[in-house]
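*Asks:* I'm passing along entry-v5.txt; it holds compact mmCIF, C-alpha atoms.
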# COMPACT_ATOMS: atom_id res chain seq x y z
CA MET A 173 -26.14 -13.12 27.70
CA ALA A 174 -29.76 -12.60 26.66
CA PHE A 175 -31.78 -15.60 25.48
CA ASN A 176 -32.65 -13.74 22.27
CA ASP A 177 -28.93 -13.38 21.50
CA ASN A 178 -28.51 -17.14 21.80
CA ILE A 179 -31.45 -17.72 19.45
CA LYS A 180 -29.94 -15.28 16.94
CA GLY A 181 -26.58 -16.98 17.30
CA ALA A 182 -28.13 -20.40 16.71
CA ILE A 183 -29.91 -19.16 13.58
CA LEU A 184 -26.69 -17.60 12.29
CA MET A 185 -24.75 -20.80 12.99
CA SER A 186 -27.39 -22.82 11.13
CA LEU A 187 -27.20 -20.41 8.19
CA ALA A 188 -23.41 -20.70 8.20
CA MET A 189 -23.59 -24.50 8.07
CA ALA A 190 -26.18 -24.33 5.27
CA SER A 191 -23.93 -21.97 3.30
CA PHE A 192 -20.84 -24.15 3.73
CA THR A 193 -22.73 -27.30 2.74
CA ILE A 194 -24.27 -25.68 -0.35
CA ASN A 195 -20.74 -24.66 -1.34
CA ASP A 196 -19.65 -28.29 -0.92
CA ALA A 197 -22.54 -29.41 -3.13
CA MET A 198 -21.51 -26.94 -5.84
CA VAL A 199 -17.96 -28.28 -5.68
CA LYS A 200 -19.27 -31.84 -5.90
CA LEU A 201 -21.22 -30.93 -9.05
CA VAL A 202 -18.10 -29.83 -10.93
CA THR A 203 -15.66 -32.54 -9.82
CA ASP A 204 -16.40 -34.65 -12.90
CA ASP A 205 -15.23 -31.85 -15.20
CA LEU A 206 -12.56 -29.95 -13.24
CA THR A 207 -9.50 -30.99 -11.28
CA THR A 208 -8.89 -30.20 -7.61
CA GLY A 209 -6.35 -27.53 -8.53
CA GLN A 210 -8.77 -25.83 -10.92
CA ILE A 211 -11.56 -25.82 -8.34
CA MET A 212 -9.28 -24.36 -5.66
CA PHE A 213 -8.03 -21.71 -8.08
CA ILE A 214 -11.35 -20.61 -9.59
CA ARG A 215 -13.38 -20.70 -6.39
CA GLY A 216 -10.52 -19.14 -4.43
CA ALA A 217 -10.14 -16.27 -6.89
CA ILE A 218 -13.83 -15.38 -6.74
CA THR A 219 -13.98 -15.72 -2.95
CA SER A 220 -10.79 -13.67 -2.53
CA VAL A 221 -12.24 -10.76 -4.50
CA LEU A 222 -15.39 -10.76 -2.35
CA ILE A 223 -13.52 -10.94 0.96
CA LEU A 224 -10.84 -8.41 -0.01
CA LEU A 225 -13.48 -5.87 -1.06
CA VAL A 226 -15.32 -6.21 2.24
CA ALA A 227 -12.08 -6.20 4.26
CA TRP A 228 -10.95 -3.05 2.46
CA ARG A 229 -14.28 -1.31 3.04
CA MET A 230 -14.20 -2.25 6.73
CA LYS A 231 -10.52 -1.28 7.06
CA ALA A 232 -9.65 -4.79 8.20
CA LEU A 233 -6.50 -5.16 6.09
CA ARG A 234 -3.16 -5.39 7.90
CA PRO A 235 0.53 -5.34 6.86
CA LEU A 236 1.62 -8.52 5.08
CA LYS A 237 4.20 -9.21 7.79
CA THR A 238 1.23 -10.21 9.96
CA VAL A 239 0.93 -13.47 8.02
CA LEU A 240 4.49 -14.42 9.06
CA GLN A 241 3.41 -15.06 12.64
CA PRO A 242 3.99 -18.79 13.38
CA TRP A 243 0.40 -19.51 14.44
CA PHE A 244 -0.92 -17.60 11.43
CA MET A 245 1.23 -19.66 9.06
CA LEU A 246 0.18 -22.89 10.78
CA ARG A 247 -3.47 -21.91 10.41
CA THR A 248 -2.99 -21.20 6.71
CA ALA A 249 -1.20 -24.52 6.20
CA GLY A 250 -4.05 -26.32 7.95
CA GLU A 251 -6.64 -24.59 5.74
CA ILE A 252 -4.69 -25.52 2.61
CA GLY A 253 -4.44 -29.15 3.69
CA ALA A 254 -8.13 -29.29 4.56
CA SER A 255 -9.13 -27.79 1.20
CA ILE A 256 -6.99 -30.14 -0.88
CA THR A 257 -8.05 -33.32 0.91
CA TYR A 258 -11.75 -32.48 1.17
CA ILE A 259 -12.20 -31.25 -2.41
CA HIS A 260 -10.35 -34.28 -3.78
CA ALA A 261 -12.43 -36.58 -1.57
CA LEU A 262 -15.67 -35.04 -2.85
CA SER A 263 -14.74 -36.21 -6.34
CA LYS A 264 -14.64 -39.80 -5.07
CA ILE A 265 -17.34 -40.28 -2.42
CA PRO A 266 -20.92 -39.03 -1.82
CA LEU A 267 -21.36 -35.66 -0.13
CA PRO A 268 -23.35 -37.04 2.85
CA ASN A 269 -20.56 -39.53 3.64
CA ALA A 270 -17.87 -36.86 3.48
CA SER A 271 -19.94 -34.50 5.59
CA ALA A 272 -20.65 -37.24 8.15
CA ILE A 273 -16.94 -37.90 8.69
CA LEU A 274 -16.32 -34.16 8.92
CA GLN A 275 -18.69 -34.01 11.92
CA ALA A 276 -15.82 -35.42 13.99
CA LEU A 277 -14.04 -32.07 13.68
CA PRO A 278 -15.19 -30.62 17.05
CA LEU A 279 -14.00 -33.79 18.78
CA ALA A 280 -10.66 -33.59 16.96
CA VAL A 281 -10.29 -29.96 18.04
CA THR A 282 -10.96 -30.93 21.66
CA MET A 283 -8.35 -33.69 21.47
CA GLY A 284 -5.82 -31.42 19.77
CA ALA A 285 -6.35 -28.65 22.33
CA ALA A 286 -5.64 -31.15 25.11
CA LEU A 287 -2.53 -32.59 23.47
CA LEU A 288 -1.05 -29.41 22.00
CA LEU A 289 -2.33 -26.57 24.17
CA GLY A 290 -2.50 -28.37 27.48
CA GLU A 291 -6.23 -27.76 27.97
CA GLN A 292 -7.83 -29.93 30.65
CA VAL A 293 -10.01 -32.68 29.22
CA GLY A 294 -11.61 -35.10 31.64
CA TRP A 295 -12.27 -38.80 31.14
CA ARG A 296 -15.85 -38.19 30.07
CA ARG A 297 -14.84 -36.04 27.10
CA TRP A 298 -11.99 -38.42 26.25
CA SER A 299 -14.61 -41.18 26.18
CA ALA A 300 -16.80 -39.05 23.90
CA ILE A 301 -13.84 -38.54 21.57
CA ALA A 302 -13.19 -42.29 21.46
CA VAL A 303 -16.86 -43.07 20.79
CA GLY A 304 -16.97 -40.39 18.09
CA PHE A 305 -14.07 -41.92 16.23
CA VAL A 306 -15.71 -45.34 16.47
CA GLY A 307 -18.60 -43.69 14.62
CA VAL A 308 -16.16 -42.46 11.98
CA MET A 309 -14.83 -45.99 11.55
CA ILE A 310 -18.39 -47.25 11.04
CA ILE A 311 -18.92 -44.65 8.30
CA ILE A 312 -15.70 -45.41 6.41
CA ARG A 313 -15.84 -49.21 7.09
CA PRO A 314 -12.18 -50.19 6.59
CA GLY A 315 -11.95 -53.50 4.82
CA ALA A 316 -15.60 -53.47 3.81
CA GLU A 317 -16.91 -53.43 0.25
CA GLY A 318 -18.17 -49.88 0.72
CA PHE A 319 -14.78 -48.58 1.84
CA THR A 320 -12.84 -46.21 -0.40
CA ALA A 321 -9.43 -44.70 0.21
CA ALA A 322 -11.04 -41.30 -0.39
CA SER A 323 -12.71 -41.67 3.00
CA LEU A 324 -9.25 -41.43 4.53
CA LEU A 325 -8.80 -38.12 2.71
CA VAL A 326 -11.75 -36.75 4.69
CA VAL A 327 -10.12 -38.01 7.89
CA GLY A 328 -7.01 -36.12 6.78
CA SER A 329 -9.22 -33.08 6.23
CA VAL A 330 -10.53 -33.41 9.80
CA ILE A 331 -6.96 -33.49 11.15
CA THR A 332 -5.77 -30.51 9.11
CA ALA A 333 -8.95 -28.53 9.82
CA ALA A 334 -8.51 -29.22 13.54
CA THR A 335 -4.96 -27.89 13.25
CA ARG A 336 -6.38 -24.78 11.57
CA ASP A 337 -8.95 -24.22 14.33
CA ILE A 338 -6.45 -24.75 17.13
CA ALA A 339 -3.99 -22.33 15.51
CA THR A 340 -6.81 -19.80 15.10
CA LYS A 341 -7.24 -19.74 18.88
CA LYS A 342 -3.61 -18.63 19.26
CA ILE A 343 -3.80 -15.72 16.81
CA GLY A 344 -3.99 -12.40 18.67
CA PRO A 345 -7.34 -10.59 18.93
CA ASP A 346 -5.75 -7.57 17.21
CA VAL A 347 -5.85 -9.47 13.89
CA PRO A 348 -9.33 -9.03 12.31
CA SER A 349 -11.22 -12.15 11.25
CA LEU A 350 -11.73 -10.67 7.78
CA PHE A 351 -7.97 -10.28 7.33
CA ILE A 352 -7.44 -13.92 8.31
CA SER A 353 -10.13 -15.06 5.86
CA ALA A 354 -8.78 -12.82 3.08
CA THR A 355 -5.17 -13.92 3.32
CA THR A 356 -6.17 -17.57 3.63
CA SER A 357 -8.39 -17.35 0.56
CA VAL A 358 -5.65 -15.66 -1.50
CA THR A 359 -3.12 -18.28 -0.41
CA ILE A 360 -5.46 -21.13 -1.36
CA THR A 361 -5.97 -19.51 -4.77
CA ILE A 362 -2.21 -19.39 -5.34
CA VAL A 363 -1.73 -22.97 -4.16
CA GLY A 364 -4.58 -24.06 -6.42
CA ALA A 365 -2.82 -22.47 -9.39
CA PHE A 366 0.34 -24.46 -8.63
CA LEU A 367 -1.65 -27.68 -8.27
CA ILE A 368 -3.39 -27.45 -11.66
CA VAL A 369 -0.63 -29.26 -13.55
CA PRO A 370 0.14 -31.95 -10.91
CA PHE A 371 -3.56 -32.78 -10.64
CA GLY A 372 -4.07 -33.29 -14.36
CA GLY A 373 -3.73 -29.92 -16.09
CA TRP A 374 -6.33 -27.38 -17.17
CA ASN A 375 -9.62 -28.76 -18.44
CA PRO A 376 -12.13 -26.65 -20.38
CA VAL A 377 -14.47 -24.89 -17.94
CA PRO A 378 -18.12 -25.18 -19.01
CA LEU A 379 -20.21 -22.09 -18.35
CA ASP A 380 -22.53 -23.95 -15.98
CA ASP A 381 -19.53 -25.19 -13.95
CA LEU A 382 -18.27 -21.61 -13.69
CA GLY A 383 -21.69 -20.47 -12.50
CA GLU A 384 -21.84 -23.25 -9.90
CA LEU A 385 -18.39 -22.37 -8.60
CA ALA A 386 -19.32 -18.68 -8.49
CA PHE A 387 -22.45 -19.51 -6.50
CA GLY A 388 -20.36 -21.77 -4.26
CA SER A 389 -17.92 -18.91 -3.69
CA VAL A 390 -20.74 -16.61 -2.61
CA MET A 391 -22.01 -19.30 -0.24
CA LEU A 392 -18.49 -19.82 1.12
CA PHE A 393 -18.16 -16.09 1.79
CA ALA A 394 -21.62 -16.03 3.39
CA GLY A 395 -20.61 -18.99 5.56
CA TYR A 396 -17.47 -17.24 6.78
CA GLN A 397 -19.38 -14.10 7.71
CA THR A 398 -22.38 -15.73 9.37
CA LEU A 399 -20.07 -18.03 11.34
CA ILE A 400 -18.15 -15.04 12.69
CA MET A 401 -21.41 -13.25 13.50
CA ALA A 402 -22.73 -16.36 15.25
CA MET A 403 -19.64 -16.71 17.43
CA ARG A 404 -19.90 -13.05 18.42
CA THR A 405 -23.65 -13.07 19.06
CA GLY A 406 -24.49 -16.11 21.18
CA GLU A 407 -22.84 -18.20 23.87
CA ILE A 408 -20.52 -20.73 22.26
CA SER A 409 -21.83 -23.56 24.45
CA PHE A 410 -25.37 -22.84 23.21
CA ILE A 411 -24.72 -22.33 19.51
CA ALA A 412 -21.91 -24.85 18.88
CA PRO A 413 -24.22 -27.90 18.62
CA PHE A 414 -25.97 -26.23 15.69
CA ARG A 415 -22.86 -27.01 13.65
CA TYR A 416 -24.35 -30.45 13.17
CA THR A 417 -27.18 -29.02 11.07
CA SER A 418 -24.68 -29.21 8.20
CA LEU A 419 -25.21 -32.97 8.16
CA ILE A 420 -28.95 -32.48 7.61
CA TRP A 421 -28.20 -30.18 4.69
CA ALA A 422 -25.66 -32.64 3.27
CA ILE A 423 -28.16 -35.51 3.36
CA MET A 424 -30.89 -33.37 1.75
CA LEU A 425 -28.63 -31.95 -0.96
CA GLY A 426 -27.09 -35.35 -1.58
CA LEU A 427 -30.50 -36.93 -1.94
CA PHE A 428 -32.36 -34.33 -4.01
CA LEU A 429 -29.52 -32.63 -5.94
CA LEU A 430 -26.80 -35.25 -6.32
CA GLY A 431 -28.79 -38.48 -6.14
CA ASP A 432 -26.76 -39.85 -3.21
CA ILE A 433 -28.81 -42.16 -1.00
CA PRO A 434 -27.29 -42.61 2.48
CA ASP A 435 -26.95 -46.22 3.65
CA ILE A 436 -27.55 -47.61 7.14
CA TRP A 437 -23.82 -47.58 7.99
CA MET A 438 -23.47 -43.89 7.19
CA LEU A 439 -26.61 -43.02 9.19
CA THR A 440 -25.55 -45.16 12.17
CA GLY A 441 -22.02 -43.78 12.23
CA SER A 442 -23.32 -40.23 11.87
CA ALA A 443 -25.69 -40.70 14.81
CA ILE A 444 -22.79 -41.93 16.97
CA VAL A 445 -20.47 -39.06 15.94
CA VAL A 446 -23.13 -36.40 16.49
CA SER A 447 -24.20 -37.88 19.84
CA ALA A 448 -20.59 -37.97 21.02
CA GLY A 449 -20.06 -34.39 19.91
CA LEU A 450 -23.21 -33.17 21.63
CA TYR A 451 -22.17 -34.90 24.85
CA ALA A 452 -18.73 -33.29 24.65
CA PHE A 453 -20.39 -29.88 24.24
CA TYR A 454 -22.64 -30.64 27.21
CA ARG A 455 -19.67 -31.54 29.42
CA GLU A 456 -17.86 -28.36 28.38
CA THR A 457 -20.94 -26.34 29.36
CA VAL A 458 -21.09 -28.04 32.77
CA LEU A 459 -17.40 -27.36 33.39
CA GLN A 460 -17.74 -23.71 32.35
CA ARG A 461 -20.61 -23.23 34.81
CA ARG A 462 -18.54 -24.79 37.59
CA ARG A 463 -15.60 -22.51 36.83
CA LEU A 464 -17.87 -19.45 36.89
CA ALA A 465 -19.43 -20.58 40.16
CA GLU A 466 -15.98 -21.04 41.72
CA ILE A 467 -14.91 -17.57 40.57
CA GLU A 468 -18.06 -16.02 42.01
CA ASN A 469 -17.57 -17.87 45.32
CA ASN A 470 -13.96 -16.70 45.54
CA LEU A 471 -15.01 -13.12 44.87
CA THR A 472 -17.71 -13.37 47.53
CA VAL A 473 -15.26 -14.76 50.11
CA SER A 474 -12.65 -12.13 49.36
As structure tokens, how would this structure be written, given the file I've shared?
*Replies:*
Amino acid sequence: MAFNDNIKGAILMSLAMASFTINDAMVKLVTDDLTTGQIMFIRGAITSVLILLVAWRMKALRPLKTVLQPWFMLRTAGEIGASITYIHALSKIPLPNASAILQALPLAVTMGAALLLGEQVGWRRWSAIAVGFVGVMIIIRPGAEGFTAASLLVVGSVITAATRDIATKKIGPDVPSLFISATTSVTITIVGAFLIVPFGGWNPVPLDDLGELAFGSVMLFAGYQTLIMAMRTGEISFIAPFRYTSLIWAIMLGLFLLGDIPDIWMLTGSAIVVSAGLYAFYRETVLQRRRLAEIENNLTVS
């Protein structure tokens, strides 16, 4: 793949992470006024309209029976779980802390792929996974004064999001990404509507909160699209590390927009998680090159 394609893919991945993190910041801004169910419902409704319009224009819609595929349903369940836990956690802890814990997601996906899909993971990547989760423990500090139970909600979000990503790998290539995004967004909207009462009922929605959620919805949609474009433009091994740029955005937005000042524990834990993730990506790249070299040697011999 051309070097320029990798650069484009890296830029698109960085834009995707910026979009997702801005969306998180918008959600964080309204958590004092609105419940988790309200946020899921309002943001989901706006996002669903955007995605459905684009999916319809691009003829990416499929029969509803498609969503009944087991892996599709598991992916949707994972997305719902990730949304509930992460949005609720954002109402309790600073954005940079939540984002820092979420950086363990690639490591969780690697672990899940090994345990559930039988993918080969060597001792080096298992070590990286273990080190990464030590970093998570440093961030959440169980038993420390800075610990909050909401931190465990983000860990739950990592687990459910990893389930979502693993299930996504098993969905057939004949199912368009836009259709997956559209049906997931609609489902989250419906679930959000059902959660309004259990999470405290319907609060009045100030106009500025509605505007922030609308802007967040646009950013969420932009994140979905640029992420898909990134994965289809550059080599995954090259662009995947740029996922960690979301942490930079989270720290900046937390500091200048939300007034959240990261402490030394959060920064130390984040550095460990990111370093472990980058090493895991590096090992995956090395293994992929070896596999390609073996295939080429076999073809040459034959």
*Asks:* For stretch 214-220 of chain A, find every residue with an atom within 12 Å (counting all atoms listed in the file), except residues of its own chain fewer than 4 positions away, and show them as an MDAnalysis selection string.
*Replies:* chainID A and resid 195:196 198:199 202 206:210 224:228 252 255 259 350:365 368 374 377 381:396
*Asks:* As an exercise, work out the distance from atom CA of A:Ser329 to atom CA of A:Ala254 in Å and give it to one decimal place.
*Replies:*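 Computing the Euclidean distance for atom CA of A:Ser329 and atom CA of A:Ala254 yields 4.3 Å.
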*Asks:* Just checking: using only C-alpha atoms, which residue out of A:Val446, A:Asp435, A:Thr405, A:Gly441 ends up closest to A:Gly181?
*Replies:*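 Among the listed residues, A:Thr405 lies closest to A:Gly181.
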*Asks:* To box stretch 283-287 of chain A, take all atoms listed in the file, fit an axis-aligned box, add 6 Å on each side, and give centre and edge lengths in Å to one decimal, as JSON.
*Replies:*
{"center_x": -5.4, "center_y": -31.2, "center_z": 22.4, "size_x": 17.8, "size_y": 17.0, "size_z": 17.3}
*Asks:* Looking at all atoms listed in the file, which of A:Pro434, A:Pro235, A:Gly284, A:Gly449 is the one that sits closest to A:Lys341?
*Replies:*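 Among the listed residues, A:Gly284 lies closest to A:Lys341.
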*Asks:* Could you tell me how far atom CA of A:Leu246 lies from atom CA of A:Ala321, in Å and to one decimal?
*Replies:* 26.1 Å
*Asks:* Around (-19.9, -28.2, 23.7) in the file's own coordinates, what residues are found within 12 Å if you use all atoms listed in the file, given back as JSON, numbers by chain?
*Replies:* {"A": [278, 279, 281, 282, 297, 300, 407, 408, 409, 410, 411, 412, 413, 414, 415, 416, 446, 447, 448, 449, 450, 451, 452, 453, 454, 455, 456, 457, 458, 459, 460]}
*Asks:* What separation in Å, quoted to one decimal, exists between atom CA of A:Ser263 and atom CA of A:Ala249?
*Replies:*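 For atom CA of A:Ser263 relative to atom CA of A:Ala249, the distance reads 21.8 Å.
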*Asks:* Could you tell me which of A:Asn375, A:Thr340, A:Asn176, A:Ser442 comes closest to A:Arg247 if we count only C-alpha atoms?
*Replies:*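 Of all the options, A:Thr340 lies closest to A:Arg247.
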*Asks:* Give the answer as one residue: which of A:Gln397, A:Asn269, A:Asn178, A:Ser323 has the shortest atom-to-atom distance to A:Ile423, using only C-alpha atoms?
*Replies:*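 Looking at the shortest contact to A:Ile423, the residue is A:Asn269.
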*Asks:* Using only C-alpha atoms, determine which residues lie at most 8 Å from A:Ala276, disregarding the query and same-chain residues fewer than 6 positions distant; provide the list as a ChimeraX atom specification.
*Replies:* /A:304-305,308,330,445-446,449
*Asks:* Output C-alpha atoms of each residue in that selection to a file, as a PDB file, in the coordinates of the input.
*Replies:*
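Result written to selection33.pdb:
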ATOM      1  CA  GLY A 304     -16.970 -40.390  18.090  1.00  0.00           C
ATOM      2  CA  PHE A 305     -14.070 -41.920  16.230  1.00  0.00           C
ATOM      3  CA  VAL A 308     -16.160 -42.460  11.980  1.00  0.00           C
ATOM      4  CA  VAL A 330     -10.530 -33.410   9.800  1.00  0.00           C
ATOM      5  CA  VAL A 445     -20.470 -39.060  15.940  1.00  0.00           C
ATOM      6  CA  VAL A 446     -23.130 -36.400  16.490  1.00  0.00           C
ATOM      7  CA  GLY A 449     -20.060 -34.390  19.910  1.00  0.00           C
TER       8      GLY A 449
END
*Asks:* Using all atoms listed in the file, what residues lie at most 12 Å away from (-2.1, -19.0, 15.4) (file coordinates), given as a list in words?
*Replies:* Thr238, Val239, Leu240, Gln241, Pro242, Trp243, Phe244, Met245, Leu246, Arg247, Thr248, Ala249, Gly250, Leu289, Thr335, Arg336, Asp337, Ile338, Ala339, Thr340, Lys341, Lys342, Ile343, Gly344, Pro345, Val347 and Ile352 of chain A
*Asks:* Mind writing the picked residues with C-alpha atoms as an mmCIF file, keeping the file's coordinate frame?
*Replies:*
data_model
loop_
_atom_site.group_PDB
_atom_site.id
_atom_site.type_symbol
_atom_site.label_atom_id
_atom_site.label_comp_id
_atom_site.auth_asym_id
_atom_site.auth_seq_id
_atom_site.Cartn_x
_atom_site.Cartn_y
_atom_site.Cartn_z
ATOM 1 C CA THR A 238 1.230 -10.210 9.960
ATOM 2 C CA VAL A 239 0.930 -13.470 8.020
ATOM 3 C CA LEU A 240 4.490 -14.420 9.060
ATOM 4 C CA GLN A 241 3.410 -15.060 12.640
ATOM 5 C CA PRO A 242 3.990 -18.790 13.380
ATOM 6 C CA TRP A 243 0.400 -19.510 14.440
ATOM 7 C CA PHE A 244 -0.920 -17.600 11.430
ATOM 8 C CA MET A 245 1.230 -19.660 9.060
ATOM 9 C CA LEU A 246 0.180 -22.890 10.780
ATOM 10 C CA ARG A 247 -3.470 -21.910 10.410
ATOM 11 C CA THR A 248 -2.990 -21.200 6.710
ATOM 12 C CA ALA A 249 -1.200 -24.520 6.200
ATOM 13 C CA GLY A 250 -4.050 -26.320 7.950
ATOM 14 C CA LEU A 289 -2.330 -26.570 24.170
ATOM 15 C CA THR A 335 -4.960 -27.890 13.250
ATOM 16 C CA ARG A 336 -6.380 -24.780 11.570
ATOM 17 C CA ASP A 337 -8.950 -24.220 14.330
ATOM 18 C CA ILE A 338 -6.450 -24.750 17.130
ATOM 19 C CA ALA A 339 -3.990 -22.330 15.510
ATOM 20 C CA THR A 340 -6.810 -19.800 15.100
ATOM 21 C CA LYS A 341 -7.240 -19.740 18.880
ATOM 22 C CA LYS A 342 -3.610 -18.630 19.260
ATOM 23 C CA ILE A 343 -3.800 -15.720 16.810
ATOM 24 C CA GLY A 344 -3.990 -12.400 18.670
ATOM 25 C CA PRO A 345 -7.340 -10.590 18.930
ATOM 26 C CA VAL A 347 -5.850 -9.470 13.890
ATOM 27 C CA ILE A 352 -7.440 -13.920 8.310
#
*Asks:* Would you kindly return, as a list in words, each protein, DNA or RNA residue with an atom no farther than 8 Å from any atom of A:Met438, considering all atoms listed in the file and excluding same-chain residues fewer than 5 positions away?
*Replies:* Asn269, Ala272, Ile310, Ile311 and Ile312 of chain A
*Asks:* When distances are computed from all atoms listed in the file, which of A:Gln292, A:Thr193, A:Thr332, A:Gln275 shows the smallest separation from A:Gly307?
*Replies:* A:Gln275
*Asks:* Using only C-alpha atoms, pick whichever of A:Arg461, A:Arg234, A:Lys200, A:His260 has the shortest atom-to-atom distance to A:Ala322.
*Replies:*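 Counting only C-alpha atoms, the residue closest to A:Ala322 is A:His260.
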